[in-house]
Amino acid sequence: MRRFSWFNTVSLTLGFAFLYLPMVLLVFYSFNESRLVTVWAGFSTKWYGELLRDQAFLDAAWVTVKVAVFSSTLATILGTMAAYVLVRAGRFHGRTLFSGMIYAPLVMPEVITGLSLLLLFIGLNLDRGVFTIVLAHTTFAMCYVSVVVSSRLTTFDRSLEEAALDLGCSPFEAFRLVTLPIIAPAVISGWLLAFTLSLDDLVIASFTTGPSATTLPIKIFSAVRLGVSPQINALSTIMIAIVTIGVITASIVSKRAAVAQRRDEQAAIRAE
Amino acid sequence: MRRFTLIAIPYLWLLALFLVPFLIVLKISLSDIALARPPYMPQLDPAAGWEGLKSFFSELDFENFAFLTTDDLYWKAYLSSLKIALVSTFLTLLVGYPVAYAMARAPEEWRPTLLMLVILPFWTSFLIRVYSWMGILSNEGVLNQLLMWLGIIDTPLQIMNTTTAVYIGVVYTYLPFMILPIYSALEKLDGSLLEAAEDLGCSRLEAFWLVTWPLSRNGIIAGCFLVFIPTIGEFVIPSLLGGSDTLMIGKVLWEEFFSNRDWPVASAVAVVLLLILIIPIVLFQRNEQKQREAEG
Amino acid sequence: MAQTAFAPWTDPDQKPIIEFRNVTKSFGDFTAIHDLSLNIFEREFFALLGPSGCGKTTMMRMLAGFETATSGHIFLSGKDIGHVPPNQRPVNMMFQSYALFPHLSIWDNIAFGLKRESKDKAFIGDRVEEMLRLTRLTKFAKRKPHQISGGQRQRVALARSLAKAPKLLLLDEPLGALDKKLREQTQFELMDIQEKTGTTFVIVTHDQEEAMTVASRIAVMDEGNLVQVATPAEIYEAPNSVYVADFIGDVNIIEGRATQPGLKTGIAWAEGQPPILATPAKSVEAGQSVHFAIRPEKVTIDVEKPDRPNTFRGKVIDIAYLGNISTYHVELAGGQMIKAQMVNARRLANRPITWEDEVWVGFTDTAGVVLEE
């Protein structure tokens with residue numbers, strides 16, 4: 001069995017310390033009594049209380065979740081369609097432009113995406129707010145979803161779909177009964193990715209929002225522009241905790257499933 | 001018919017919300033600033049028909065682009081964005097490679113956990129990850145307190161609001177993008193290759209230079225582009241960690257738009273930024289393509 | 001017990017269940033099937049045999065409805081099915097990869113096709129149970145595909161494709177993923193099931209032994225053309241071309257010229273050697289260039305000159321001992337190599353022929369076939 005060499009141990013320790021120490025400190029100082037973030041004045045949860053009493057923050061959180069749910073759901077539907085088109089539709093007029101439009105937003109600087117969408121919304125005279133942010137987030141998130149889903153689709157055994165057709169499914173039934181259940185994990189991770197991207201986004205939301213809707217990142221950004229704020233520390237801690245619990249749960253579940261699958265397969269081989 | 005609908009829906013969505021907006025940016029970059037709503041000239045007047053279209057086009061010009069070359073703020077900002085992106089990409093590689101290498105060499109049962117630990121920060125808010133450094137780097141921050149307590153310095157170092165802080169921020173936030181492609185290249189590397197190299201007379205270090213490094217090259221290139229490309233247009237990191245002397249084009253564009261309300265110039269800045277980005281993006285795509293072909 | 005042999009293709013009154021009529025299929029510049037016509041009859045176990053890329057899979061995919069013929073017609077029970085989509089054809093297919101739905105249990109996999117056309121739960125249940133019994137899978141009904149062995153998966157795929165009682169079952173290399181022993185056993189199971197269900201089977205394979213074992217008739221294909229369509233025995237004993245003779249089993253091919261016209265001829269094959277006496281199936285012309293093909297097991301090898309129509313002197317170059325039989329590589333005068341097979345009825349030590357021995361090879365005048373080019 002391979003063991004850690006000293007060099008690798010040092011690399012990993014330093015690397016992960018670098019990745020995690022700032023967040024650990026953030027969590028640590030969120031329980032600081034003092035407003036001065038760097039002076040430890042005893043344990044307290046008062047900043048959490050203050051955060052939860054701050055209506056502006058709660059409103060922003062609600063707007064953010066609303067935007068994220070709508071945009072990631074829409075992006076998942078559109079992105080899955082786009083992935084299907086990329087992998088399965090064969091040749092059609094404008095295919096190159098289509099795949100270009102799928103990949104370009106992934107590398108487009110957010111400031112440009114935000115600016116261009118804002119100019120469009122102004123040109124169309126749309127009332128800017130939750131609706132326009134949802135449109136903007138859907139557009140860039142659907143590209144991420146389609147990349148995730150299409151990479152799953154390319155390894156998908158096509159004869160499964162053919163078997164479904166052969167057994168009497170219409171093409172849509174084949175998609176609903178066979179393809180979708182099998183690629184579901186990729187679609188779900190696409191949705192989660194889209195959801196996270198939307199929760200995270202500051203730049204595009206700043207461009208495309210109006211006075212009526214402030215998202216959490218916009219609120220955080222304006223709060224921390226001038227320096228560290230204990231309330232934001234508390235908020236960050238909550239967000240980090242949610243993500244950590246989510247990711248760890250997901251990885252335990254998928255690891256269990258993988259172990260069970262391997263065990264079943266080995267049992268099947270032995271039974272032969 | 002079904003196939004047509006399936007293609008049409010995402011296609012039209014992207015045309016309307018990606019391509020058209022970009023064409024609008026292009027058009028406005030050729031217009032002039034005006035004290036009106038919206039604040040630029042000319043406006044296309046559909047009622048005026050063909051004549052309107054002609055006069056509309058005759059009033060478009062490259063004035064804004066000429067302006068970008070006269071005011072040295074802009075080209076300095078472009079250059080400094082490129083420089084910051086280049087330096088921080090190099091620093092990220094320096095930090096990321098040993099980590100990726102150690103992960104790929106770790107015992108097999110450890111690797112999924114290590115991989116999860118690298119990906120985890122990616123799911124947490126980018127803004128918060130940048131923000132977390134503000135408390136560390138400020139004058140009375142954790143780092144300065146620690147250094148003074150250790151007696152290494154007497155007066156706090158000014159790191160916050162400098163370009164150094166921007167470097168740290170970029171390396172920190174983009175590190176997973178560097179580690180992941182290098183790790184996946186190194187993980188595929190067959191251990192018997194190194195044994196073969198050693199069997200043929202290489203020392204450990206020579207085996208690394210002659211086998212491991214060249215075989216991880218694709219991962220390195222991919223990782224570098226994944227850090228370099230988004231860093232050029234970065235806005236959050238320079239505005240939170242950078243100082244007044246940290247010029248980055250994403251920030252300039254933002255201020256041009258929100259503070260100066262000069263939409264035509266902001267649009268011209270965006271167009272030029274995109275032109276600059278096309279080169280690394282095309283190179284990146286080529287590298288990916290080559291890798292896909294190599295893998296069959 | 002008198003039983004008439006199953007041979008509907010010899011009966012001019014029989015209507016074929018499948019008819020390919022001048023079918024051509026091209027993919028861009030590449031023509032996969034050239035103007036091909038073929039009849040397949042009800043209850044046949046028909047094998048499409050050929051190397052990869054010969055067009056056999058394309059034929060099968062056209063029958064299933066996944067490809068459309070570029071020109072020509074395909075009839076199923078007299079009906080042109082050219083533009084019937086796969087989900088509306090009374091044809092089912094067993095895929096090479098089995099294509100079992102990984103998210104469904106064995107039971108649900110088998111019920112999948114039935115559920116598409118019938119709402120009657122009791123009927124579906126009965127039919128699935130019947131299929132499970134037929135393929136001896138009853139115990140595994142609740143398992144998922146990854147929880148059973150390769151051989152069991154193969155049987156699930158078969159049960160699933162038979163569940164809808166299709167008029168025609170297509171099998172795409174159905175045994176390719178199994179190891180040799182399991183494959184042989186499964187071949188007989190397949191034949192058994194085909195007989196029980198009375199379904200017409202069309203199998204695609206590149207394994208000539210498999211085709212010989214299971215099929216009532218074999219179509220040997222090469223580069224989009226049918227080379228020969230005949231029963232396994234005919235294909236083996238009377239191949240119509242060097243390609244077929246060479247593709248099926250082991251064969252000696254000797255080039256020469258016919259010495260006499262008609263249905264009895266000699267074949268001049270080497271300077272200063274007596275001609276090979278042979279019986280062509282079709283009349284040949286004198287001087288015509290021909291190939292003489294003879295199976296190794298029809299060639300005898302003796303120390304003394306035997307009393308046979310064809311005898312030639314040669315030297316043993318190589319002996320391949322295969323246990324039940326041995327193959328001798330004998331060099332005839334003029335350098336022509338010929339393989340002769342002998343059953344090892346005696347123990348090794350008792351056999352008189354060994355390397356470098358001068359021997360006689362012999363065969364009758366009807367043992368080989370004369371092939372025109």
# chains A, B, ... in the order shown; residues from 1 in each chain; ligands from 1
call {"tool": "interface_residues", "arguments": {"of": "chain B", "to": "chain A", "cutoff": "7 Å", "atoms": "only C-alpha atoms", "output": "count of residues only"}}
result
35
call {"tool": "select_by_dssp", "arguments": {"residues": "segment 61-284 of chain C", "states": "strand (DSSP E)", "output": "number ranges by chain"}}
result
C: 71-76, 79-80, 91-94, 168-172, 200-205, 217-222, 225-230, 252-258, 265-268, 276-278
call {"tool": "interface_residues", "arguments": {"of": "chain C", "to": "chain A", "cutoff": "9 Å", "atoms": "only C-alpha atoms", "output": "ChimeraX atom specification"}}
result
/C:64-66,85-89,91-103,112-114,116-117,146-152,160-161,164
call {"tool": "write_last_selection", "arguments": {"atoms": "N, CA and C atoms", "output": "short mmCIF file (atom, residue, chain, number, x, y, z; two decimals), in the first residue's frame"}}
result
data_model
loop_
_atom_site.label_atom_id
_atom_site.label_comp_id
_atom_site.auth_asym_id
_atom_site.auth_seq_id
_atom_site.Cartn_x
_atom_site.Cartn_y
_atom_site.Cartn_z
N ALA C 64 -34.79 -3.28 -37.77
CA ALA C 64 -35.30 -2.74 -36.51
C ALA C 64 -35.92 -1.36 -36.70
N GLY C 65 -35.49 -0.67 -37.74
CA GLY C 65 -36.05 0.66 -38.00
C GLY C 65 -35.14 1.79 -37.58
N PHE C 66 -33.90 1.48 -37.21
CA PHE C 66 -32.98 2.55 -36.80
C PHE C 66 -32.27 3.18 -38.00
N PRO C 85 -41.68 3.74 -37.99
CA PRO C 85 -40.66 3.98 -36.97
C PRO C 85 -40.45 2.74 -36.09
N PRO C 86 -39.30 2.62 -35.44
CA PRO C 86 -38.98 1.41 -34.69
C PRO C 86 -40.02 1.06 -33.63
N ASN C 87 -40.64 2.07 -33.03
CA ASN C 87 -41.58 1.76 -31.95
C ASN C 87 -42.91 1.24 -32.46
N GLN C 88 -43.10 1.22 -33.79
CA GLN C 88 -44.36 0.68 -34.30
C GLN C 88 -44.15 -0.58 -35.13
N ARG C 89 -42.97 -1.20 -35.01
CA ARG C 89 -42.72 -2.42 -35.76
C ARG C 89 -42.90 -3.63 -34.86
N VAL C 91 -41.23 -5.95 -34.36
CA VAL C 91 -39.88 -6.50 -34.42
C VAL C 91 -39.19 -6.09 -33.14
N ASN C 92 -38.49 -6.99 -32.50
CA ASN C 92 -37.71 -6.58 -31.34
C ASN C 92 -36.27 -7.01 -31.50
N MET C 93 -35.42 -6.34 -30.75
CA MET C 93 -34.00 -6.53 -30.95
C MET C 93 -33.32 -6.82 -29.62
N MET C 94 -32.37 -7.73 -29.68
CA MET C 94 -31.53 -7.95 -28.51
C MET C 94 -30.18 -7.32 -28.83
N PHE C 95 -29.80 -6.34 -28.01
CA PHE C 95 -28.64 -5.54 -28.35
C PHE C 95 -27.34 -6.22 -27.94
N GLN C 96 -26.30 -5.88 -28.66
CA GLN C 96 -24.98 -6.46 -28.37
C GLN C 96 -24.55 -6.14 -26.94
N SER C 97 -24.81 -4.88 -26.53
CA SER C 97 -24.44 -4.50 -25.16
C SER C 97 -25.53 -4.88 -24.19
N TYR C 98 -26.57 -5.55 -24.66
CA TYR C 98 -27.79 -5.93 -23.94
C TYR C 98 -28.70 -4.73 -23.69
N ALA C 99 -28.09 -3.53 -23.48
CA ALA C 99 -28.89 -2.32 -23.27
C ALA C 99 -29.96 -2.52 -22.21
N LEU C 100 -29.62 -3.17 -21.11
CA LEU C 100 -30.58 -3.29 -20.01
C LEU C 100 -30.67 -1.95 -19.30
N PHE C 101 -31.87 -1.54 -18.93
CA PHE C 101 -32.03 -0.25 -18.27
C PHE C 101 -31.51 -0.35 -16.85
N PRO C 102 -30.44 0.35 -16.53
CA PRO C 102 -29.77 0.14 -15.23
C PRO C 102 -30.62 0.58 -14.05
N HIS C 103 -31.61 1.47 -14.31
CA HIS C 103 -32.39 2.00 -13.19
C HIS C 103 -33.63 1.15 -12.91
N PHE C 112 -41.06 -3.76 -19.57
CA PHE C 112 -41.00 -2.43 -20.17
C PHE C 112 -41.80 -2.32 -21.48
N GLY C 113 -41.56 -3.26 -22.39
CA GLY C 113 -42.22 -3.21 -23.69
C GLY C 113 -43.71 -3.50 -23.56
N LEU C 114 -44.06 -4.43 -22.65
CA LEU C 114 -45.46 -4.79 -22.48
C LEU C 114 -46.26 -3.60 -21.97
N ARG C 116 -45.87 -0.60 -22.58
CA ARG C 116 -46.09 0.41 -23.60
C ARG C 116 -47.36 0.15 -24.40
N GLU C 117 -47.75 -1.13 -24.51
CA GLU C 117 -48.89 -1.40 -25.38
C GLU C 117 -50.12 -1.90 -24.64
N HIS C 146 -27.05 -4.60 -12.56
CA HIS C 146 -25.66 -4.72 -12.12
C HIS C 146 -25.50 -5.76 -11.02
N GLN C 147 -26.61 -6.31 -10.54
CA GLN C 147 -26.52 -7.30 -9.46
C GLN C 147 -26.54 -8.74 -9.97
N ILE C 148 -26.49 -8.91 -11.27
CA ILE C 148 -26.49 -10.28 -11.80
C ILE C 148 -25.28 -10.47 -12.72
N SER C 149 -25.02 -11.74 -13.05
CA SER C 149 -23.81 -12.05 -13.83
C SER C 149 -24.05 -11.78 -15.31
N GLY C 150 -22.96 -11.83 -16.08
CA GLY C 150 -23.03 -11.55 -17.51
C GLY C 150 -23.96 -12.50 -18.24
N GLY C 151 -23.90 -13.79 -17.87
CA GLY C 151 -24.76 -14.76 -18.53
C GLY C 151 -26.23 -14.50 -18.23
N GLN C 152 -26.49 -14.09 -16.98
CA GLN C 152 -27.87 -13.78 -16.61
C GLN C 152 -28.37 -12.54 -17.33
N ARG C 160 -36.49 -9.88 -22.39
CA ARG C 160 -37.11 -8.60 -22.63
C ARG C 160 -37.53 -8.46 -24.09
N SER C 161 -36.66 -8.93 -24.99
CA SER C 161 -36.98 -8.74 -26.40
C SER C 161 -38.03 -9.75 -26.88
N LYS C 164 -42.74 -9.24 -25.90
CA LYS C 164 -43.85 -8.73 -26.70
C LYS C 164 -44.24 -9.70 -27.81
#
call {"tool": "atom_distance", "arguments": {"atom1": "atom CA of Glu189 of chain C", "atom2": "atom CA of Gln154 of chain C"}}
result
11.4 Å
call {"tool": "select_by_dssp", "arguments": {"residues": "segment 162-348 of chain C", "states": "helix (DSSP H, G or I)", "output": "VMD selection string"}}
result
chain C and resid 162 180 to 197 208 to 214 232 to 237 242 to 247 296 to 298 333 to 335 348
call {"tool": "write_last_selection", "arguments": {"atoms": "N, CA and C atoms", "output": "CSV table (one decimal), in the first residue's frame"}}
result
chain,number,residue,atom,x,y,z
C,162,LEU,N,-38.2,-10.9,-26.1
C,162,LEU,CA,-39.2,-11.8,-26.5
C,162,LEU,C,-40.6,-11.6,-25.9
C,180,LYS,N,-16.1,-18.5,-23.7
C,180,LYS,CA,-16.3,-19.5,-24.7
C,180,LYS,C,-17.2,-20.6,-24.2
C,181,LYS,N,-17.0,-21.1,-22.9
C,181,LYS,CA,-17.8,-22.2,-22.4
C,181,LYS,C,-19.3,-21.8,-22.3
C,182,LEU,N,-19.5,-20.6,-21.7
C,182,LEU,CA,-20.9,-20.1,-21.5
C,182,LEU,C,-21.5,-19.9,-22.9
C,183,ARG,N,-20.7,-19.5,-23.8
C,183,ARG,CA,-21.2,-19.2,-25.2
C,183,ARG,C,-21.8,-20.4,-25.8
C,184,GLU,N,-21.0,-21.5,-25.7
C,184,GLU,CA,-21.5,-22.8,-26.3
C,184,GLU,C,-22.8,-23.3,-25.7
C,185,GLN,N,-22.8,-23.2,-24.4
C,185,GLN,CA,-24.0,-23.6,-23.7
C,185,GLN,C,-25.2,-22.8,-24.1
C,186,THR,N,-25.0,-21.4,-24.2
C,186,THR,CA,-26.1,-20.5,-24.5
C,186,THR,C,-26.6,-20.7,-25.9
C,187,GLN,N,-25.7,-21.1,-26.8
C,187,GLN,CA,-26.1,-21.3,-28.2
C,187,GLN,C,-27.2,-22.3,-28.2
C,188,PHE,N,-27.1,-23.4,-27.5
C,188,PHE,CA,-28.1,-24.4,-27.5
C,188,PHE,C,-29.4,-23.9,-26.8
C,189,GLU,N,-29.2,-23.1,-25.8
C,189,GLU,CA,-30.4,-22.5,-25.1
C,189,GLU,C,-31.2,-21.6,-26.1
C,190,LEU,N,-30.4,-20.9,-26.9
C,190,LEU,CA,-31.1,-20.0,-27.9
C,190,LEU,C,-31.9,-20.8,-28.8
C,191,MET,N,-31.3,-21.9,-29.3
C,191,MET,CA,-32.0,-22.7,-30.3
C,191,MET,C,-33.3,-23.3,-29.7
C,192,ASP,N,-33.1,-23.7,-28.4
C,192,ASP,CA,-34.2,-24.3,-27.7
C,192,ASP,C,-35.4,-23.3,-27.6
C,193,ILE,N,-35.0,-22.1,-27.2
C,193,ILE,CA,-36.0,-21.0,-27.0
C,193,ILE,C,-36.7,-20.7,-28.3
C,194,GLN,N,-35.9,-20.6,-29.4
C,194,GLN,CA,-36.4,-20.3,-30.7
C,194,GLN,C,-37.4,-21.4,-31.1
C,195,GLU,N,-37.1,-22.6,-30.8
C,195,GLU,CA,-38.0,-23.7,-31.2
C,195,GLU,C,-39.3,-23.6,-30.4
C,196,LYS,N,-39.2,-23.3,-29.1
C,196,LYS,CA,-40.3,-23.3,-28.2
C,196,LYS,C,-41.3,-22.2,-28.6
C,197,THR,N,-40.7,-21.0,-28.9
C,197,THR,CA,-41.5,-19.8,-29.1
C,197,THR,C,-42.0,-19.7,-30.6
C,208,GLN,N,-18.1,-17.8,-37.1
C,208,GLN,CA,-18.7,-18.7,-38.0
C,208,GLN,C,-19.1,-20.0,-37.3
C,209,GLU,N,-18.5,-20.4,-36.3
C,209,GLU,CA,-18.9,-21.6,-35.5
C,209,GLU,C,-20.3,-21.4,-34.9
C,210,GLU,N,-20.5,-20.1,-34.4
C,210,GLU,CA,-21.8,-19.8,-33.8
C,210,GLU,C,-22.9,-19.9,-34.9
C,211,ALA,N,-22.6,-19.3,-36.0
C,211,ALA,CA,-23.6,-19.3,-37.1
C,211,ALA,C,-23.9,-20.7,-37.5
C,212,MET,N,-22.8,-21.5,-37.7
C,212,MET,CA,-23.0,-22.9,-38.1
C,212,MET,C,-23.9,-23.7,-37.1
C,213,THR,N,-23.6,-23.4,-35.8
C,213,THR,CA,-24.4,-24.1,-34.7
C,213,THR,C,-25.8,-23.8,-34.7
C,214,VAL,N,-26.1,-22.5,-34.7
C,214,VAL,CA,-27.5,-22.1,-34.4
C,214,VAL,C,-28.4,-22.0,-35.7
C,232,PRO,N,-26.0,-24.3,-43.3
C,232,PRO,CA,-24.6,-24.5,-42.9
C,232,PRO,C,-23.9,-25.6,-43.6
C,233,ALA,N,-24.6,-26.7,-43.9
C,233,ALA,CA,-23.9,-27.8,-44.5
C,233,ALA,C,-23.5,-27.4,-45.9
C,234,GLU,N,-24.4,-26.8,-46.6
C,234,GLU,CA,-24.1,-26.3,-48.0
C,234,GLU,C,-22.9,-25.3,-48.0
C,235,ILE,N,-23.0,-24.4,-47.1
C,235,ILE,CA,-21.9,-23.4,-47.0
C,235,ILE,C,-20.6,-24.1,-46.8
C,236,TYR,N,-20.6,-25.1,-45.9
C,236,TYR,CA,-19.3,-25.7,-45.6
C,236,TYR,C,-18.9,-26.7,-46.7
C,237,GLU,N,-19.8,-27.5,-47.2
C,237,GLU,CA,-19.4,-28.5,-48.2
C,237,GLU,C,-19.3,-27.9,-49.6
C,242,VAL,N,-14.2,-18.6,-53.3
C,242,VAL,CA,-13.0,-18.7,-52.5
C,242,VAL,C,-13.2,-18.0,-51.1
C,243,TYR,N,-13.9,-16.8,-51.2
C,243,TYR,CA,-14.2,-16.0,-50.0
C,243,TYR,C,-14.9,-16.8,-49.0
C,244,VAL,N,-16.0,-17.5,-49.4
C,244,VAL,CA,-16.8,-18.3,-48.4
C,244,VAL,C,-16.0,-19.5,-47.9
C,245,ALA,N,-15.3,-20.2,-48.9
C,245,ALA,CA,-14.5,-21.3,-48.5
C,245,ALA,C,-13.5,-21.0,-47.4
C,246,ASP,N,-12.9,-19.8,-47.6
C,246,ASP,CA,-11.8,-19.4,-46.7
C,246,ASP,C,-12.4,-18.9,-45.4
C,247,PHE,N,-13.6,-18.2,-45.5
C,247,PHE,CA,-14.1,-17.6,-44.3
C,247,PHE,C,-14.6,-18.7,-43.3
C,296,PRO,N,-9.3,-29.8,-45.0
C,296,PRO,CA,-8.2,-30.7,-44.5
C,296,PRO,C,-8.6,-32.1,-44.1
C,297,GLU,N,-9.9,-32.2,-43.5
C,297,GLU,CA,-10.3,-33.5,-43.0
C,297,GLU,C,-10.6,-34.4,-44.1
C,298,LYS,N,-10.7,-33.9,-45.3
C,298,LYS,CA,-11.0,-34.8,-46.5
C,298,LYS,C,-9.7,-35.3,-47.1
C,333,ALA,N,5.2,-31.6,-54.3
C,333,ALA,CA,6.2,-31.2,-55.3
C,333,ALA,C,5.8,-29.8,-55.9
C,334,GLY,N,6.8,-29.0,-56.2
C,334,GLY,CA,6.5,-27.7,-56.7
C,334,GLY,C,6.2,-26.7,-55.5
C,335,GLY,N,6.4,-27.1,-54.3
C,335,GLY,CA,6.3,-26.2,-53.2
C,335,GLY,C,4.9,-26.0,-52.7
C,348,LEU,N,-0.3,-41.5,-29.1
C,348,LEU,CA,0.8,-40.8,-29.8
C,348,LEU,C,1.9,-41.7,-30.3
call {"tool": "atom_distance", "arguments": {"atom1": "atom CA of Pro230 of chain A", "atom2": "atom CA of Ser34 of chain A"}}
result
8.5 Å
call {"tool": "residues_around", "arguments": {"residues": "Glu129 of chain C", "least_positions_apart": "3", "cutoff": "10 Å", "atoms": "only C-alpha atoms", "output": "list in words"}}
result
Trp107, Ile110, Ala111, Phe123, Ile124, Gly125, Asp126, Leu132, Arg133, Leu134, Thr135, Leu137, Thr138, Ala141 and Ala163 of chain C
call {"tool": "residues_around", "arguments": {"residues": "Asp318 of chain C", "least_positions_apart": "3", "cutoff": "12 Å", "atoms": "only C-alpha atoms", "output": "PyMOL selection string"}}
result
chain C and resi 315+321+326-331+337-341+353-357
call {"tool": "write_last_selection", "arguments": {"atoms": "C-alpha atoms", "output": "compact mmCIF listing (two decimals), in the first residue's frame"}}
result
# COMPACT_ATOMS: atom_id res chain seq x y z
CA LYS C 315 6.99 -34.33 -47.24
CA TYR C 321 -1.25 -31.78 -32.35
CA SER C 326 -3.65 -33.59 -35.68
CA THR C 327 -3.08 -31.32 -38.65
CA TYR C 328 -0.19 -32.23 -40.93
CA HIS C 329 1.36 -29.59 -43.16
CA VAL C 330 2.64 -31.42 -46.19
CA GLU C 331 4.77 -29.88 -48.91
CA MET C 337 1.51 -26.73 -49.16
CA ILE C 338 -1.49 -28.83 -48.22
CA LYS C 339 -3.06 -29.45 -44.83
CA ALA C 340 -4.35 -32.87 -43.91
CA GLN C 341 -6.25 -33.70 -40.75
CA ILE C 353 4.24 -40.50 -39.40
CA THR C 354 6.56 -37.81 -38.15
CA TRP C 355 8.50 -34.73 -39.33
CA GLU C 356 10.41 -34.93 -42.61
CA ASP C 357 8.69 -38.20 -43.57
